[in-house]
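Scroll down for the structure; my scribbles are underneath it.
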Amino acid sequence: MRKILFTVALAATLVGCNNSGQVTSNSVSFDDVIKTRRSVRSYDATKTISEAEVRELLTSAQEAPSWANQQPTKYYVAQSAAMVDSVKNYIGGNRRNVEGAPVLIISTFERGKSGFFNGNPANDLGDLWGAYDNGLANCYLVLKARAMGFDTLIMGMRDSDALRRLFGIPEGETITAVISLGYRSGEPRVPQHKNLDDIVKFF
C-alpha cells in the first residue's frame, strides 16, 4: 500500500503543463507557468477546488516579500456556493466572466504597516507600499495557481463597501481586488506585449 501511495505522490509532483495549458507528464518549469498563465474569463463549472488546495496556494502567496516583513496582505475566501454567489453580486460586469469559477478570493492589505516606521510614512509613497506588497503577494498567488493547474482572473471592479460588510473586513484594510480561481474552459486569448525596448532603458 505504501508503495502505491508513494508512486501516486511521485506522479503528482511530475505533472506539468505545456504552452497550450494542457497537463503533460513532464515536470512543470517556471517558464511554463509564466507562459501559460492567463487572465481567464471562462471556467469549467464541473470542476471544484478543495480547501486544502486553497490553503496550499495561499501558503505560497505568503512567501512573497514585503516591506520589513510586515506581511500586510489578507485574504477572504468565498468557497461555499452561497458565498460565491453573493460575491458575484458585487463585481460588476465580471460576473459573467467568472460564472463557473468555484472559488472567489478577496485580497486586502492593512494600511499603516508597509512603508511606515513608528507610525510615520518612511517616504512619499506611504500606503502605496502596502498596495505594492499586496500586488507581490497576488502575483505569487496567480503563479502558484497556474503551477497547480488552476486559472485566475484579477478583478478591480468591485463594490468594496458591500464586500466589507459581507466578510466583516476591518476598516483598517483596503480592499484591492477579487480573484477568481478555477479551471479554464477552452483556451484564453494570448495578448500581445510591448517590445522590451519600449519599457526598458539600460545605462
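The way I read the labels, and the way they are meant: chains A, B, ... in the order of the C-alpha cells, residue 1 as the first residue of every chain, and ligand 1 as the first ligand shown, with later ones counted on from there.
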
> Out of chain A, which residues get strand (DSSP E or B) from DSSP, as a VMD selection string?
Replying inline: chain A and resid 16 to 17 23 to 24 39 43 73 to 78 103 to 110 116 to 117 120 to 121 151 to 155 173 to 182 184

Please provide the set of residues having any atom within 10 Å of A:Gly135, restricted to only C-alpha atoms, with same-chain residues fewer than 3 positions apart removed, written as an mmCIF file with N, CA and C atoms, in the first residue's frame.
data_model
loop_
_atom_site.group_PDB
_atom_site.id
_atom_site.type_symbol
_atom_site.label_atom_id
_atom_site.label_comp_id
_atom_site.auth_asym_id
_atom_site.auth_seq_id
_atom_site.Cartn_x
_atom_site.Cartn_y
_atom_site.Cartn_z
ATOM 1 N N ALA A 64 5.818 35.744 -0.556
ATOM 2 C CA ALA A 64 6.134 36.988 -1.256
ATOM 3 C C ALA A 64 6.841 37.965 -0.304
ATOM 4 N N THR A 73 -0.807 41.776 3.568
ATOM 5 C CA THR A 73 -1.874 41.201 2.747
ATOM 6 C C THR A 73 -2.750 40.239 3.549
ATOM 7 N N SER A 107 -8.855 40.115 -1.859
ATOM 8 C CA SER A 107 -7.498 40.468 -1.444
ATOM 9 C C SER A 107 -7.497 41.862 -0.836
ATOM 10 N N THR A 108 -6.874 42.004 0.337
ATOM 11 C CA THR A 108 -6.793 43.293 1.012
ATOM 12 C C THR A 108 -5.387 43.517 1.549
ATOM 13 N N PHE A 109 -5.115 44.743 2.002
ATOM 14 C CA PHE A 109 -3.887 44.969 2.762
ATOM 15 C C PHE A 109 -4.166 45.907 3.923
ATOM 16 N N TRP A 129 3.032 51.559 -0.547
ATOM 17 C CA TRP A 129 3.875 50.383 -0.328
ATOM 18 C C TRP A 129 3.039 49.179 0.075
ATOM 19 N N GLY A 130 1.963 49.413 0.812
ATOM 20 C CA GLY A 130 1.065 48.315 1.161
ATOM 21 C C GLY A 130 0.419 47.723 -0.079
ATOM 22 N N ALA A 131 0.016 48.616 -0.996
ATOM 23 C CA ALA A 131 -0.571 48.150 -2.255
ATOM 24 C C ALA A 131 0.468 47.392 -3.080
ATOM 25 N N TYR A 132 1.705 47.888 -3.047
ATOM 26 C CA TYR A 132 2.797 47.221 -3.771
ATOM 27 C C TYR A 132 3.015 45.810 -3.220
ATOM 28 N N ASN A 138 -0.202 38.812 -4.535
ATOM 29 C CA ASN A 138 -1.161 38.337 -5.532
ATOM 30 C C ASN A 138 -0.460 37.739 -6.744
ATOM 31 N N CYS A 139 0.705 38.277 -7.076
ATOM 32 C CA CYS A 139 1.496 37.705 -8.167
ATOM 33 C C CYS A 139 1.905 36.276 -7.823
ATOM 34 N N TYR A 140 2.403 36.083 -6.605
ATOM 35 C CA TYR A 140 2.747 34.727 -6.175
ATOM 36 C C TYR A 140 1.518 33.824 -6.231
ATOM 37 N N LEU A 141 0.373 34.365 -5.833
ATOM 38 C CA LEU A 141 -0.864 33.587 -5.815
ATOM 39 C C LEU A 141 -1.218 33.079 -7.208
ATOM 40 N N THR A 176 -8.408 45.527 -2.380
ATOM 41 C CA THR A 176 -7.791 45.831 -3.676
ATOM 42 C C THR A 176 -8.461 45.110 -4.832
ATOM 43 N N ALA A 177 -8.718 43.818 -4.672
ATOM 44 C CA ALA A 177 -9.195 43.047 -5.826
ATOM 45 C C ALA A 177 -9.974 41.818 -5.382
#

> Among stretch 124-199 of chain A, which ones does DSSP place in alpha helix (DSSP H), written as a VMD selection string?
Replying inline: chain A and resid 128 to 147 160 to 167 196 to 199

Using 9 Å as the limit and counting only C-alpha atoms, can you tabulate each residue of stretch 151-203 of chain A that touches stretch 23-47 of chain A, with its shortest atom-to-atom distance in Å and the two atoms involved, as a tab-separated table?
residue	atom	partner	partner_atom	distance
A:Asp151	CA	A:Val40	CA	6.3
A:Thr152	CA	A:Val40	CA	5.8
A:Leu153	CA	A:Ser39	CA	4.8
A:Ile154	CA	A:Ser39	CA	7.2
A:Ser180	CA	A:Val40	CA	8.7
A:Leu181	CA	A:Tyr43	CA	8.8
A:Gly182	CA	A:Tyr43	CA	6.2
A:Tyr183	CA	A:Tyr43	CA	5.5
A:Arg184	CA	A:Tyr43	CA	4.6
A:Ser185	CA	A:Tyr43	CA	4.7
A:Gly186	CA	A:Ser42	CA	7.4
A:Glu187	CA	A:Val40	CA	8.4
A:Pro188	CA	A:Val40	CA	6.1
A:Arg189	CA	A:Arg38	CA	8.0
A:Val190	CA	A:Arg38	CA	7.5
A:Pro191	CA	A:Arg38	CA	8.8

Keeping C-alpha atoms for every residue in the selection just given, could you write it to a file as a PDB file, in the first residue's frame?
ATOM      1  CA  ASP A 151      -6.583  29.597 -13.538  1.00  0.00           C
ATOM      2  CA  THR A 152      -7.336  33.072 -12.241  1.00  0.00           C
ATOM      3  CA  LEU A 153      -8.734  36.482 -13.069  1.00  0.00           C
ATOM      4  CA  ILE A 154      -7.762  39.538 -11.006  1.00  0.00           C
ATOM      5  CA  SER A 180     -11.366  34.105  -9.290  1.00  0.00           C
ATOM      6  CA  LEU A 181      -9.934  30.613  -9.009  1.00  0.00           C
ATOM      7  CA  GLY A 182     -10.937  27.651 -11.139  1.00  0.00           C
ATOM      8  CA  TYR A 183     -10.195  25.618 -14.248  1.00  0.00           C
ATOM      9  CA  ARG A 184     -10.228  27.193 -17.696  1.00  0.00           C
ATOM     10  CA  SER A 185     -12.908  26.190 -20.143  1.00  0.00           C
ATOM     11  CA  GLY A 186     -11.195  26.471 -23.527  1.00  0.00           C
ATOM     12  CA  GLU A 187      -8.039  28.379 -24.315  1.00  0.00           C
ATOM     13  CA  PRO A 188      -7.869  32.108 -23.496  1.00  0.00           C
ATOM     14  CA  ARG A 189      -6.548  34.671 -25.944  1.00  0.00           C
ATOM     15  CA  VAL A 190      -2.800  35.350 -25.781  1.00  0.00           C
ATOM     16  CA  PRO A 191      -2.267  39.127 -25.526  1.00  0.00           C
TER      17      PRO A 191
END

>> Residues within 10 Å of A:Glu110, please, as a PyMOL selection string. Count only C-alpha atoms; anything in the same chain fewer than 2 positions from it doesn't count.
In response: chain A and resi 70-74+108+112-114+127+130-131+134+170-175

> So which residues touch stretch 85-92 of chain A within 12 Å, counting only C-alpha atoms, skipping near sequence neighbours fewer than 4 positions away, as a ChimeraX atom specification?
Replying inline: /A:76-81,96-106,153-167,177-180

Writer output for current selection, N, CA and C atoms, as an mmCIF file, in the first residue's frame:
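Once written, part36.cif looks like this:
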data_model
loop_
_atom_site.group_PDB
_atom_site.id
_atom_site.type_symbol
_atom_site.label_atom_id
_atom_site.label_comp_id
_atom_site.auth_asym_id
_atom_site.auth_seq_id
_atom_site.Cartn_x
_atom_site.Cartn_y
_atom_site.Cartn_z
ATOM 1 N N TYR A 76 -9.713 36.761 1.997
ATOM 2 C CA TYR A 76 -11.022 36.287 2.427
ATOM 3 C C TYR A 76 -11.548 35.396 1.312
ATOM 4 N N VAL A 77 -11.773 34.126 1.640
ATOM 5 C CA VAL A 77 -12.061 33.124 0.615
ATOM 6 C C VAL A 77 -13.541 32.756 0.607
ATOM 7 N N ALA A 78 -14.190 32.962 -0.520
ATOM 8 C CA ALA A 78 -15.565 32.510 -0.728
ATOM 9 C C ALA A 78 -15.503 31.176 -1.461
ATOM 10 N N GLN A 79 -15.920 30.112 -0.762
ATOM 11 C CA GLN A 79 -15.855 28.784 -1.356
ATOM 12 C C GLN A 79 -17.198 28.068 -1.346
ATOM 13 N N SER A 80 -18.036 28.370 -0.376
ATOM 14 C CA SER A 80 -19.376 27.784 -0.394
ATOM 15 C C SER A 80 -20.164 28.412 -1.540
ATOM 16 N N ALA A 81 -21.101 27.658 -2.079
ATOM 17 C CA ALA A 81 -21.885 28.150 -3.217
ATOM 18 C C ALA A 81 -22.606 29.451 -2.873
ATOM 19 N N ARG A 96 -20.262 37.653 -15.347
ATOM 20 C CA ARG A 96 -20.413 36.680 -16.435
ATOM 21 C C ARG A 96 -19.086 35.997 -16.761
ATOM 22 N N ASN A 97 -17.973 36.664 -16.446
ATOM 23 C CA ASN A 97 -16.654 36.089 -16.756
ATOM 24 C C ASN A 97 -16.244 34.986 -15.789
ATOM 25 N N VAL A 98 -16.836 34.982 -14.588
ATOM 26 C CA VAL A 98 -16.415 34.016 -13.573
ATOM 27 C C VAL A 98 -17.568 33.101 -13.163
ATOM 28 N N GLU A 99 -18.559 32.970 -14.014
ATOM 29 C CA GLU A 99 -19.766 32.222 -13.667
ATOM 30 C C GLU A 99 -19.460 30.807 -13.204
ATOM 31 N N GLY A 100 -18.476 30.154 -13.810
ATOM 32 C CA GLY A 100 -18.187 28.769 -13.443
ATOM 33 C C GLY A 100 -17.075 28.592 -12.436
ATOM 34 N N ALA A 101 -16.490 29.692 -11.943
ATOM 35 C CA ALA A 101 -15.375 29.587 -11.001
ATOM 36 C C ALA A 101 -15.867 29.133 -9.632
ATOM 37 N N PRO A 102 -15.254 28.104 -9.037
ATOM 38 C CA PRO A 102 -15.733 27.591 -7.753
ATOM 39 C C PRO A 102 -15.258 28.384 -6.536
ATOM 40 N N VAL A 103 -14.252 29.233 -6.717
ATOM 41 C CA VAL A 103 -13.686 29.991 -5.597
ATOM 42 C C VAL A 103 -13.472 31.442 -6.008
ATOM 43 N N LEU A 104 -13.813 32.363 -5.110
ATOM 44 C CA LEU A 104 -13.522 33.772 -5.299
ATOM 45 C C LEU A 104 -12.791 34.267 -4.056
ATOM 46 N N ILE A 105 -11.676 34.953 -4.268
ATOM 47 C CA ILE A 105 -10.821 35.378 -3.161
ATOM 48 C C ILE A 105 -10.753 36.903 -3.128
ATOM 49 N N ILE A 106 -11.062 37.475 -1.973
ATOM 50 C CA ILE A 106 -10.964 38.930 -1.810
ATOM 51 C C ILE A 106 -9.596 39.229 -1.220
ATOM 52 N N LEU A 153 -8.449 35.180 -12.474
ATOM 53 C CA LEU A 153 -8.734 36.482 -13.069
ATOM 54 C C LEU A 153 -8.716 37.490 -11.928
ATOM 55 N N ILE A 154 -7.841 38.485 -12.018
ATOM 56 C CA ILE A 154 -7.762 39.538 -11.006
ATOM 57 C C ILE A 154 -8.706 40.653 -11.427
ATOM 58 N N MET A 155 -9.680 40.951 -10.560
ATOM 59 C CA MET A 155 -10.733 41.903 -10.921
ATOM 60 C C MET A 155 -10.695 43.136 -10.020
ATOM 61 N N GLY A 156 -10.600 44.294 -10.638
ATOM 62 C CA GLY A 156 -10.615 45.553 -9.902
ATOM 63 C C GLY A 156 -12.009 46.130 -9.750
ATOM 64 N N MET A 157 -12.945 45.694 -10.578
ATOM 65 C CA MET A 157 -14.337 46.141 -10.459
ATOM 66 C C MET A 157 -14.984 45.421 -9.288
ATOM 67 N N ARG A 158 -15.281 46.151 -8.204
ATOM 68 C CA ARG A 158 -15.900 45.527 -7.040
ATOM 69 C C ARG A 158 -16.545 46.596 -6.182
ATOM 70 N N ASP A 159 -17.585 46.214 -5.477
ATOM 71 C CA ASP A 159 -18.250 47.084 -4.519
ATOM 72 C C ASP A 159 -17.589 46.829 -3.170
ATOM 73 N N SER A 160 -16.589 47.640 -2.824
ATOM 74 C CA SER A 160 -15.803 47.376 -1.625
ATOM 75 C C SER A 160 -16.639 47.483 -0.353
ATOM 76 N N ASP A 161 -17.595 48.412 -0.317
ATOM 77 C CA ASP A 161 -18.423 48.558 0.884
ATOM 78 C C ASP A 161 -19.263 47.304 1.123
ATOM 79 N N ALA A 162 -19.832 46.771 0.051
ATOM 80 C CA ALA A 162 -20.652 45.568 0.178
ATOM 81 C C ALA A 162 -19.799 44.359 0.580
ATOM 82 N N LEU A 163 -18.616 44.244 -0.013
ATOM 83 C CA LEU A 163 -17.727 43.135 0.338
ATOM 84 C C LEU A 163 -17.241 43.259 1.779
ATOM 85 N N ARG A 164 -17.005 44.477 2.222
ATOM 86 C CA ARG A 164 -16.567 44.692 3.602
ATOM 87 C C ARG A 164 -17.636 44.204 4.580
ATOM 88 N N ARG A 165 -18.886 44.512 4.278
ATOM 89 C CA ARG A 165 -19.984 44.054 5.133
ATOM 90 C C ARG A 165 -20.147 42.535 5.072
ATOM 91 N N LEU A 166 -20.028 41.976 3.880
ATOM 92 C CA LEU A 166 -20.247 40.543 3.681
ATOM 93 C C LEU A 166 -19.233 39.706 4.455
ATOM 94 N N PHE A 167 -17.964 40.137 4.446
ATOM 95 C CA PHE A 167 -16.904 39.353 5.076
ATOM 96 C C PHE A 167 -16.468 39.899 6.431
ATOM 97 N N ALA A 177 -8.718 43.818 -4.672
ATOM 98 C CA ALA A 177 -9.195 43.047 -5.826
ATOM 99 C C ALA A 177 -9.974 41.818 -5.382
ATOM 100 N N VAL A 178 -10.732 41.289 -6.320
ATOM 101 C CA VAL A 178 -11.357 39.969 -6.183
ATOM 102 C C VAL A 178 -10.689 39.078 -7.224
ATOM 103 N N ILE A 179 -10.239 37.908 -6.790
ATOM 104 C CA ILE A 179 -9.515 36.996 -7.674
ATOM 105 C C ILE A 179 -10.314 35.703 -7.824
ATOM 106 N N SER A 180 -10.669 35.371 -9.051
ATOM 107 C CA SER A 180 -11.366 34.105 -9.290
ATOM 108 C C SER A 180 -10.349 32.982 -9.362
#
